[in-house]
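One structure below.
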Amino acid sequence: MPLHSKVLCGLFSAALAVSAAPISHAEENPPLDLRYSRFEPRPPYSSKLKSESVLRDAKITASGFWDRMRPELALDGKRDNPEEHWACEQLPATLTLELSAVREVAQLNLWLYWPGQRIYKYFVEGSEDGKTWRTLADRRNNTVPASSAGFSFVLPQPARIKWLRTTITDSSQRQAGGHIVEIEAYEKPLIQELGGATGTIHRRIDGDNLPLDSKTRSWQATAWRGERVHGSFAVWSGIRRDQLRTQLSPLTGPAGTLPAGAAKVRFVRHVMADKQYVGDVLDEAASVDMEAGSYRPLWLSVSVPPNAAPGRYRGTLTVRAANTPPVTFDLNLEVLPAKLPPPAQWKFHLDLWQHPWAIARYHGVQPWSEAHWSLMRPILTELANAGQKIVTTTVTHLPWNHQNFDAYHSMVTRTRQPDGSWKFDYSIFDRYIEFAQSCGIRQQINCYTLIPWHNTYYYTDARSGDFVSFTAQPGSKEYEEFWGPFLKNFQAHLKAKGWLSKTMMAMDERPPVPMRAAIALVKKYAPQLRVSLAANEAPSHFSDLELDEFSIILNQADPDLLRDIAQRRKENKITTFYVCVGPPRPNTFVTSPAAESVWLGYYAASNGFDGFLRWAYTNWPRDPLYDTSFGSWPAGDTHLIYPGPRSSIRWELLRDGIEESEKLRVLRQQAPLSPTVITALEQFKNPQKLGDENSIIAQVEAARHAVQEASRTLR
């Protein structure tokens with residue numbers, strides 16, 4: 001046998017059989033159930049909302065206690081657990097707290113034992129000297145049962161106290177005595193009712209920029225027919241609020257009502273991202289609970305039907321929680337006569353790489369099982385609805401070595417027969433392409449790769465049954481003996497399936513020398529196949545190569561390439577750009593300014609690129625719903641959506657930027673761009689002049705406004 005081979009180790013062979021877990025390091029191969037049970041690392045608190053109880057370090061005494069229900073349990077911070085409480089069987093029952101110094105108190109919160117709907121009669125007093133007492137709250141005639149919401153008292157005037165005394169005089173179950181789950185006191189009144197304000201989609205709402213002083217509770221947007229537009233909102237509360245939920249009224253105008261389902265609201269959930277706490281996940285949960293001093297961003301999406309009547313549509317978004325008045329936002333949407341084609345007809349060449357094995361691993365299903373196909377359908381359908389053009393396939397194991405949490409494996413099985421000939425099984429490859437096409441991704445098929453990152457190749461030896469690997473350099477005799485028969489057979493198979501004209505042999509970040517060898521091999525054995533390359537070197541290094549699709553990393557896009565894009569397009573060649581771990585900005589990391597995702601679409605339109613590539617759509621780390629970090633890469637570099645599937649702010653705004661690029665294409669077809677639009681697009685020519693987040697937002701908003709006004713003449 002001319003190939004220098006070796007049998008893979010047992011760990012490697014076993015991992016290939018599973019096809020869903022990392023295989024290069026045992027410590028990176030956790031069992032499938034090793035995922036966090038919590039959705040968010042912690043509630044989204046804001047320092048603007050959360051105050052610390054002045055009673056935190058107070059000394060505590062009581063008139064008595066029963067069994068293990070000691071006085072300290074009324075000051076342990078566990079107001080959600082009624083079983084952890086102070087109990088005294090003898091009434092009246094008194095609990096006294098001594099602070100370390102005199103403090104002002106403006107609000108008291110009291111949780112009494114609530115199971116069984118008990119009604120307690122009580123009063124609360126304060127004193128500066130421990131001798132003269134002032135009544136702060138008097139409920140000796142109380143008729144309201146205790147509940148998990150507790151009782152809150154905002155004092156008419158702040159009281160100066162060093163001692164705080166609570167006396168329970170009676171109970172509806174008198175024989176059981178008095179019970180306090182938790183007591184708190186604050187220097188300033190907490191926000192009692194649910195607060196809310198409208199934000200901007202171009203800046204993430206967080207604890208620092210929470211718009212507490214904003215009185216804006218209306219949303220304004222302008223859309224083309226067929227466009228998806230968004231809104232950002234936030235609600236907050238100084239005290240715990242359960243069952244936060246939303247209700248959308250119909251969006252109605254003079255010409256009718258948008259259909260049910262055209263608009264939806266999702267909660268923004270938070271993840272860890274390079275040790276930062278960031279809101280990114282868009283979750284369609286029916287309700288969420290809010291801790292005291294927390295906020296919750298909300299994300300509105302309206303998909304305007306292509307046949308919607310132009311005009312102004314109005315409705316409301318109402319946000320409710322238990323035991324508090326709702327917050328209502330007015331919604332105002334102007335639908336223009338201009339019409340955006342459906343995503344399948346968009347010209348923007350979107351290439352986001354899929355990763356079936358990551359989906360299987362996360363959900364704990366066998367790759368290529370029926371459960372796996374079912375899980376992938378909504379994920380690929382959403383990708384198609386963003387105008388995705390390419391089906392990502394693999395024709396060799398570990399095309400990127402093992403840079404991911406989950407390994408990529410081959411969709412084509414290779415077997416070396418006893419007589420030295422080759423047998424190729426395309427069953428998974430074929431079904432995946434047919435499946436992706438059924439989801440709406442139909443234009444192109446990219447096959448990775450003739451040059452894997454480690455120059456290692458794999459096959460099954462029919463005689464021994466071993467899974468075998470060997471290394472070979474492109475251009476070598478061994479390389480040609482491995483790839484030549486495949487390319488010839490593959491071209492024939494693609495032709496029989498009717499896919500030959502849309503298929504490319506794709507390489508990623510490979511240098512010019514091995515690329516020349518690979519292209520020569522394709523021309524020799526499969527001359528009808530085309531070649532694609534994503535390059536992270538100067539474009540001039542590849543100027544002598546026949547590349548039907550060329551994607552350049554953003555920070556290597558030079559004037560010569562930009563000048564050649566139009567000519568390449570005339571030759572039916574595709575030119576795109578990409579971002580990955582670099583450049584640091586603009587990018588689509590979880591910590592990237594939100595507006596940068598839109599910025600990328602304007603950059604493509606401003607510089608004439610055919611589209612955009614990103615290497616990871618669902619290349620999930622261990623548990624992306626908890627921590628989006630992976631290795632040394634910026635958090636979120638490996639994925640744009642989340643398991644569920646759940647969308648993200650980054651994903652919606654990236655798609656939004658693609659829509660803006662498509663709108664500019666439509667405008668150019670109708671007439672030359674207006675001076676206002678041309679001026680706005682000049683800001684996207686050079687990413688080296690990106691500016692800070694405020695500058696990016698200003699650039700994006702100016703471009704949106706210019707495109708919006710220019711499109712008013714379209715019919």
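Residue numbering restarts at 1 in every chain; chains get A, B, ... in the order shown in the structure tokens, and ligands count up from 1 in that same order.
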
Tell me, as a compact mmCIF listing (two decimals) with N, CA and C atoms, in the first residue's frame, which residues lie within 12 Å of Asn455 (chain A), counting only C-alpha atoms; anything in the same chain fewer than 5 positions away does not count.
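Saved as out.txt:
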# COMPACT_ATOMS: atom_id res chain seq x y z
N THR A 396 -14.10 15.23 4.57
CA THR A 396 -12.99 14.60 5.27
C THR A 396 -13.20 14.82 6.76
N HIS A 397 -12.64 13.93 7.58
CA HIS A 397 -12.73 14.09 9.02
C HIS A 397 -11.84 15.23 9.49
N LEU A 398 -12.32 15.95 10.50
CA LEU A 398 -11.56 17.01 11.16
C LEU A 398 -10.96 18.00 10.17
N PRO A 399 -11.77 18.62 9.33
CA PRO A 399 -11.23 19.57 8.36
C PRO A 399 -10.52 20.75 9.01
N TRP A 400 -10.91 21.09 10.25
CA TRP A 400 -10.23 22.18 10.97
C TRP A 400 -9.46 21.61 12.16
N ASN A 401 -8.93 20.40 11.99
CA ASN A 401 -8.29 19.70 13.08
C ASN A 401 -9.31 19.60 14.22
N THR A 449 -12.79 19.51 3.22
CA THR A 449 -11.89 20.37 2.51
C THR A 449 -10.79 19.52 1.92
N LEU A 450 -10.18 19.98 0.84
CA LEU A 450 -9.04 19.26 0.26
C LEU A 450 -7.76 19.49 1.07
N SER A 469 -5.30 6.66 9.65
CA SER A 469 -4.94 8.04 9.31
C SER A 469 -3.54 8.08 8.73
N PHE A 470 -3.29 9.12 7.93
CA PHE A 470 -1.94 9.35 7.42
C PHE A 470 -1.82 10.84 7.15
N THR A 471 -0.61 11.31 7.03
CA THR A 471 -0.36 12.71 6.71
C THR A 471 0.29 12.80 5.34
N ALA A 472 -0.04 13.87 4.63
CA ALA A 472 0.53 14.10 3.30
C ALA A 472 0.42 15.57 2.96
N GLN A 473 1.40 16.07 2.26
CA GLN A 473 1.39 17.46 1.84
C GLN A 473 0.71 17.59 0.48
N PRO A 474 -0.09 18.64 0.28
CA PRO A 474 -0.66 18.87 -1.05
C PRO A 474 0.44 18.92 -2.11
N GLY A 475 0.22 18.24 -3.21
CA GLY A 475 1.21 18.14 -4.26
C GLY A 475 2.02 16.87 -4.21
N SER A 476 1.96 16.13 -3.10
CA SER A 476 2.72 14.89 -2.98
C SER A 476 2.00 13.74 -3.69
N GLU A 478 1.29 10.82 -2.38
CA GLU A 478 0.29 10.26 -1.47
C GLU A 478 -0.99 11.09 -1.48
N TYR A 479 -0.83 12.40 -1.52
CA TYR A 479 -1.98 13.30 -1.55
C TYR A 479 -2.83 13.04 -2.80
N ARG A 510 -5.91 28.70 3.92
CA ARG A 510 -4.75 27.92 3.49
C ARG A 510 -3.83 28.81 2.65
N PRO A 514 0.06 25.45 -1.01
CA PRO A 514 -0.82 24.28 -1.04
C PRO A 514 -2.09 24.53 -1.83

task: Identify, with DSSP run on backbone atoms, the residues in region 349-549 of chain A assigned to strand (DSSP E), and express the list as a PyMOL selection string.
output: chain A and resi 349-352+390-394+413-416+422-425+444-448+456-461+467-471+503-508+530-535+549

query: So which one's closest to Pro634 (chain A), A:Ser647, A:Ser501, A:Ser218, A:Gln276? Using only C-alpha atoms, please.
result: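 That would be A:Gln276, the residue with the smallest distance to Pro634 (chain A).
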
field: Within 12 Å of Leu317 (chain A) using only C-alpha atoms, minus same-chain residues under 3 positions, as a VMD selection string
entry: chain A and resid 196 to 198 217 to 219 231 to 235 245 to 251 263 to 266 298 to 301 314 320 326 to 332

Write the selection just made, keeping C-alpha atoms, as a PDB file, in the first residue's frame?
ATOM      1  CA  GLY A 196     -40.604  50.638  32.024  1.00  0.00           C
ATOM      2  CA  ALA A 197     -39.173  52.578  29.101  1.00  0.00           C
ATOM      3  CA  THR A 198     -38.392  52.186  25.409  1.00  0.00           C
ATOM      4  CA  ARG A 217     -43.165  54.451  26.458  1.00  0.00           C
ATOM      5  CA  SER A 218     -43.765  54.499  22.744  1.00  0.00           C
ATOM      6  CA  TRP A 219     -42.090  52.721  19.842  1.00  0.00           C
ATOM      7  CA  GLY A 231     -37.909  47.315  19.100  1.00  0.00           C
ATOM      8  CA  SER A 232     -36.138  47.316  22.463  1.00  0.00           C
ATOM      9  CA  PHE A 233     -37.823  47.839  25.825  1.00  0.00           C
ATOM     10  CA  ALA A 234     -36.997  47.404  29.505  1.00  0.00           C
ATOM     11  CA  VAL A 235     -39.000  46.927  32.687  1.00  0.00           C
ATOM     12  CA  ARG A 245     -45.418  38.359  31.026  1.00  0.00           C
ATOM     13  CA  THR A 246     -46.319  40.257  27.876  1.00  0.00           C
ATOM     14  CA  GLN A 247     -49.416  40.819  25.789  1.00  0.00           C
ATOM     15  CA  LEU A 248     -49.479  42.280  22.281  1.00  0.00           C
ATOM     16  CA  SER A 249     -52.588  43.850  20.841  1.00  0.00           C
ATOM     17  CA  PRO A 250     -53.185  43.566  17.084  1.00  0.00           C
ATOM     18  CA  LEU A 251     -51.352  46.143  14.960  1.00  0.00           C
ATOM     19  CA  ALA A 263     -45.340  40.499  15.850  1.00  0.00           C
ATOM     20  CA  LYS A 264     -43.767  38.743  18.819  1.00  0.00           C
ATOM     21  CA  VAL A 265     -42.021  39.754  22.014  1.00  0.00           C
ATOM     22  CA  ARG A 266     -39.152  37.837  23.587  1.00  0.00           C
ATOM     23  CA  LEU A 298     -37.656  42.872  26.059  1.00  0.00           C
ATOM     24  CA  TRP A 299     -37.235  42.514  22.303  1.00  0.00           C
ATOM     25  CA  LEU A 300     -40.054  43.123  19.835  1.00  0.00           C
ATOM     26  CA  SER A 301     -39.887  41.774  16.272  1.00  0.00           C
ATOM     27  CA  ARG A 314     -50.916  51.091  15.866  1.00  0.00           C
ATOM     28  CA  ARG A 320     -47.750  42.538  33.494  1.00  0.00           C
ATOM     29  CA  PRO A 326     -49.089  46.810  34.202  1.00  0.00           C
ATOM     30  CA  VAL A 327     -46.778  48.878  32.001  1.00  0.00           C
ATOM     31  CA  THR A 328     -48.149  49.708  28.558  1.00  0.00           C
ATOM     32  CA  PHE A 329     -46.130  50.785  25.528  1.00  0.00           C
ATOM     33  CA  ASP A 330     -47.684  52.377  22.449  1.00  0.00           C
ATOM     34  CA  LEU A 331     -46.585  50.792  19.172  1.00  0.00           C
ATOM     35  CA  ASN A 332     -46.509  52.825  15.962  1.00  0.00           C
TER      36      ASN A 332
END

- request: Would you kindly return, as an MDAnalysis selection string, each protein, DNA or RNA residue with an atom no farther than 9 Å from any atom of Leu383 (chain A), considering only C-alpha atoms and excluding same-chain residues fewer than 3 positions away?
  value: chainID A and resid 352 378:380 386:388 439:441 617

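One finds CA of Lys573 (chain A) at 25.1 Å from CA of Gly484 (chain A).
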
statement: CA of Arg622 (chain A) to CA of His372 (chain A) measures 17.8 Å
